[in-house]
Amino acid sequence: MPDDRIGGTDFTEMAWENFYNSVDDPDFQNDDAGLIFESLSENLKVIPFGDYLKRYIHRISGMTDDYLSIPLSEYQQIIKDSFEENCTPVSFEPTTARLSALSKNWLTQQTVRRNVVFLLGFGLRMSEADVNDFLEKALHEHTFNPKDPFEVICWYCFRNGFSYPSFKSLWERYEKLEVNAKASQNVFGDRTTVIRTGMQSIRAEDELFNHLAKLRSSNGLSRMSVSSELHFRQLYNESRICAADIMNNLEEERFQTEFYEYRDTLLRDNRISDEERVRRLNKKREEKKHYSAEDVTEADFEKIICSAVPVGEHGNLMPAKASSLNQSFYGKRFSRQHINDLLSKKVEVDRFDLITLNFFIFSQKLDRYSNSLKRYDAFIDSTNAILKDCSLGELYIANPYESFILMCILSNDPLGTYADVLELSYKQ
């Protein structure tokens, strides 16, 4: 996994220390869920965006004290001075808000919109790598979107060290571009990696506007990542195969119990002939259900992966806010509604969707690996390859949910441990 490049206090190092304190505990395999829940509850918390921003300013300003001990007003003054020096406005859009109020929000908020990161990139004179780190680690999102003209121009400026006035000039030129049908190519249908490669090959302004012309001519088409969508569907289809196996095993257990009870009832009835008993038992066998991947619905998958989440009186899952881990796992629950929204492209696939599905698949193929450590290594390699292909950054141990998944994959029963930890969170 990559090092934490933003600097200052090492979030990654602290997260690894907490991780190993849990999985190296002699009681881990006996009480893996309890130790993981304890680690998540006491040591692993979601790092607010404001902390990433403070830590970054702490490093570039050469401060030596603990970054959390620095008064907020000092960070605000540094932002104000830097924005003025780099001729950066308080917003990309017209606003009456003052920088003092906005900067206070940026320094204290749990998260922010993507555009705030780009604005801070200009205001604090960030490099392309710095902006990417904020997008991947602080927002847990993909890097620059090569299908979004605004982000492409931002990327070009950061890549070349250009200031906000240069961005403004390029953006105004882009807005004057005429839609040219001949220049139109369905770049929005290509894999993200293909378009990104094209974007990253841009070296001069004319090459930039050749790329932007294609985007402007394809106005109205989806800017969602095709790579993420393809990986999601592939993983979900494989997950449905695994889910069908689980459902068939449960059906077999249910059927066996019911079948033998039925057989014993027939044997006790002396009025039934042996031939009739055989006929009825054969008919009973025909009633056993068999599920294929196509039979697995969003609701079926929800029941499996959310099996430990309590249900209310109407049969619906208890709200996520009822879990003591809601802050750490916010937005990570794989509900039927979320799956439906992903399949219908109402929401974009994110890193946590891909990580969760890949974890589920690995949890159902335990016999492929001789021990949990080899399974853990294979899972990391597989997941990082998927995330990299989607420009989402590799697994990040400082994120509590990702640390949780890695701890579970090291246990003897990954999916069972996953469920047990969730169950504990609702009991608490």
# chains A, B, ... in the order shown; residues from 1 in each chain; ligands from 1
call {"tool": "closest_atom_pairs", "arguments": {"of": "stretch 144-259 of chain A", "to": "stretch 391-405 of chain A", "cutoff": "10 Å", "atoms": "only C-alpha atoms", "output": "Markdown table"}}
result
| residue | atom | partner | partner_atom | distance |
| --- | --- | --- | --- | --- |
| A:Phe144 | CA | A:Ser391 | CA | 8.5 |
| A:Asn145 | CA | A:Ser391 | CA | 9.0 |
| A:Thr192 | CA | A:Ser391 | CA | 8.1 |
| A:Thr193 | CA | A:Ser391 | CA | 7.6 |
| A:Arg196 | CA | A:Ser391 | CA | 8.9 |
| A:Ser225 | CA | A:Ser391 | CA | 9.3 |
| A:Ser227 | CA | A:Ser391 | CA | 8.9 |
| A:Ser228 | CA | A:Ser391 | CA | 8.8 |
call {"tool": "write_last_selection", "arguments": {"atoms": "all heavy atoms", "output": "PDB file, in the first residue's frame"}}
result
ATOM      1  N   PHE A 144      -8.681  12.955 -10.664  1.00  0.00           N
ATOM      2  CA  PHE A 144      -9.263  13.839 -11.673  1.00  0.00           C
ATOM      3  C   PHE A 144     -10.084  13.057 -12.699  1.00  0.00           C
ATOM      4  O   PHE A 144      -9.616  12.064 -13.253  1.00  0.00           O
ATOM      5  CB  PHE A 144      -8.157  14.603 -12.395  1.00  0.00           C
ATOM      6  CG  PHE A 144      -7.412  15.568 -11.523  1.00  0.00           C
ATOM      7  CD1 PHE A 144      -6.253  15.175 -10.878  1.00  0.00           C
ATOM      8  CD2 PHE A 144      -7.865  16.869 -11.355  1.00  0.00           C
ATOM      9  CE1 PHE A 144      -5.551  16.058 -10.068  1.00  0.00           C
ATOM     10  CE2 PHE A 144      -7.168  17.764 -10.555  1.00  0.00           C
ATOM     11  CZ  PHE A 144      -6.014  17.351  -9.904  1.00  0.00           C
ATOM     12  N   ASN A 145     -11.306  13.532 -12.943  1.00  0.00           N
ATOM     13  CA  ASN A 145     -12.198  12.876 -13.899  1.00  0.00           C
ATOM     14  C   ASN A 145     -11.855  13.347 -15.315  1.00  0.00           C
ATOM     15  O   ASN A 145     -12.105  14.507 -15.659  1.00  0.00           O
ATOM     16  CB  ASN A 145     -13.659  13.213 -13.568  1.00  0.00           C
ATOM     17  CG  ASN A 145     -14.641  12.437 -14.423  1.00  0.00           C
ATOM     18  OD1 ASN A 145     -14.270  11.805 -15.407  1.00  0.00           O
ATOM     19  ND2 ASN A 145     -15.911  12.491 -14.059  1.00  0.00           N
ATOM     20  N   THR A 192     -12.484   4.273 -18.363  1.00  0.00           N
ATOM     21  CA  THR A 192     -11.868   5.445 -17.732  1.00  0.00           C
ATOM     22  C   THR A 192     -10.360   5.451 -17.937  1.00  0.00           C
ATOM     23  O   THR A 192      -9.760   6.506 -18.185  1.00  0.00           O
ATOM     24  CB  THR A 192     -12.194   5.459 -16.225  1.00  0.00           C
ATOM     25  OG1 THR A 192     -13.602   5.326 -16.059  1.00  0.00           O
ATOM     26  CG2 THR A 192     -11.725   6.742 -15.586  1.00  0.00           C
ATOM     27  N   THR A 193      -9.752   4.259 -17.847  1.00  0.00           N
ATOM     28  CA  THR A 193      -8.293   4.193 -17.982  1.00  0.00           C
ATOM     29  C   THR A 193      -7.845   4.635 -19.369  1.00  0.00           C
ATOM     30  O   THR A 193      -6.787   5.244 -19.524  1.00  0.00           O
ATOM     31  CB  THR A 193      -7.803   2.755 -17.723  1.00  0.00           C
ATOM     32  OG1 THR A 193      -8.619   1.827 -18.452  1.00  0.00           O
ATOM     33  CG2 THR A 193      -7.879   2.411 -16.248  1.00  0.00           C
ATOM     34  N   ARG A 196      -8.242   8.402 -19.466  1.00  0.00           N
ATOM     35  CA  ARG A 196      -7.244   8.996 -18.574  1.00  0.00           C
ATOM     36  C   ARG A 196      -5.857   8.978 -19.223  1.00  0.00           C
ATOM     37  O   ARG A 196      -5.088   9.937 -19.108  1.00  0.00           O
ATOM     38  CB  ARG A 196      -7.213   8.252 -17.241  1.00  0.00           C
ATOM     39  CG  ARG A 196      -6.336   8.934 -16.186  1.00  0.00           C
ATOM     40  CD  ARG A 196      -6.469   8.231 -14.851  1.00  0.00           C
ATOM     41  NE  ARG A 196      -7.856   8.232 -14.400  1.00  0.00           N
ATOM     42  CZ  ARG A 196      -8.441   9.266 -13.839  1.00  0.00           C
ATOM     43  NH1 ARG A 196      -7.776  10.389 -13.652  1.00  0.00           N
ATOM     44  NH2 ARG A 196      -9.703   9.197 -13.449  1.00  0.00           N
ATOM     45  N   SER A 225     -17.767   6.817 -14.211  1.00  0.00           N
ATOM     46  CA  SER A 225     -16.650   5.966 -14.627  1.00  0.00           C
ATOM     47  C   SER A 225     -17.151   4.664 -15.240  1.00  0.00           C
ATOM     48  O   SER A 225     -17.859   3.889 -14.598  1.00  0.00           O
ATOM     49  CB  SER A 225     -15.755   5.654 -13.422  1.00  0.00           C
ATOM     50  OG  SER A 225     -14.841   4.631 -13.736  1.00  0.00           O
ATOM     51  N   SER A 227     -15.096   2.256 -16.177  1.00  0.00           N
ATOM     52  CA  SER A 227     -14.278   1.206 -15.566  1.00  0.00           C
ATOM     53  C   SER A 227     -14.892   0.731 -14.255  1.00  0.00           C
ATOM     54  O   SER A 227     -14.988  -0.474 -13.994  1.00  0.00           O
ATOM     55  CB  SER A 227     -12.857   1.717 -15.311  1.00  0.00           C
ATOM     56  OG  SER A 227     -12.211   2.027 -16.525  1.00  0.00           O
ATOM     57  N   SER A 228     -15.319   1.677 -13.417  1.00  0.00           N
ATOM     58  CA  SER A 228     -15.938   1.320 -12.134  1.00  0.00           C
ATOM     59  C   SER A 228     -17.229   0.540 -12.364  1.00  0.00           C
ATOM     60  O   SER A 228     -17.514  -0.445 -11.662  1.00  0.00           O
ATOM     61  CB  SER A 228     -16.232   2.572 -11.308  1.00  0.00           C
ATOM     62  OG  SER A 228     -15.050   3.264 -10.994  1.00  0.00           O
TER      63      SER A 228
END
call {"tool": "closest_residue", "arguments": {"among": "A:Pro26, A:Met126, A:Tyr426, A:Ile241", "to": "A:Val311", "atoms": "only C-alpha atoms"}}
result
A:Tyr426
call {"tool": "residues_around", "arguments": {"residues": "A:Gln337", "least_positions_apart": "2", "cutoff": "12 Å", "atoms": "only C-alpha atoms", "output": "ChimeraX atom specification"}}
result
/A:297-302,316-317,333-335,339-344,346-347
call {"tool": "atom_distance", "arguments": {"atom1": "atom CA of A:Phe134", "atom2": "atom CA of A:Ala213"}}
result
28.1 Å
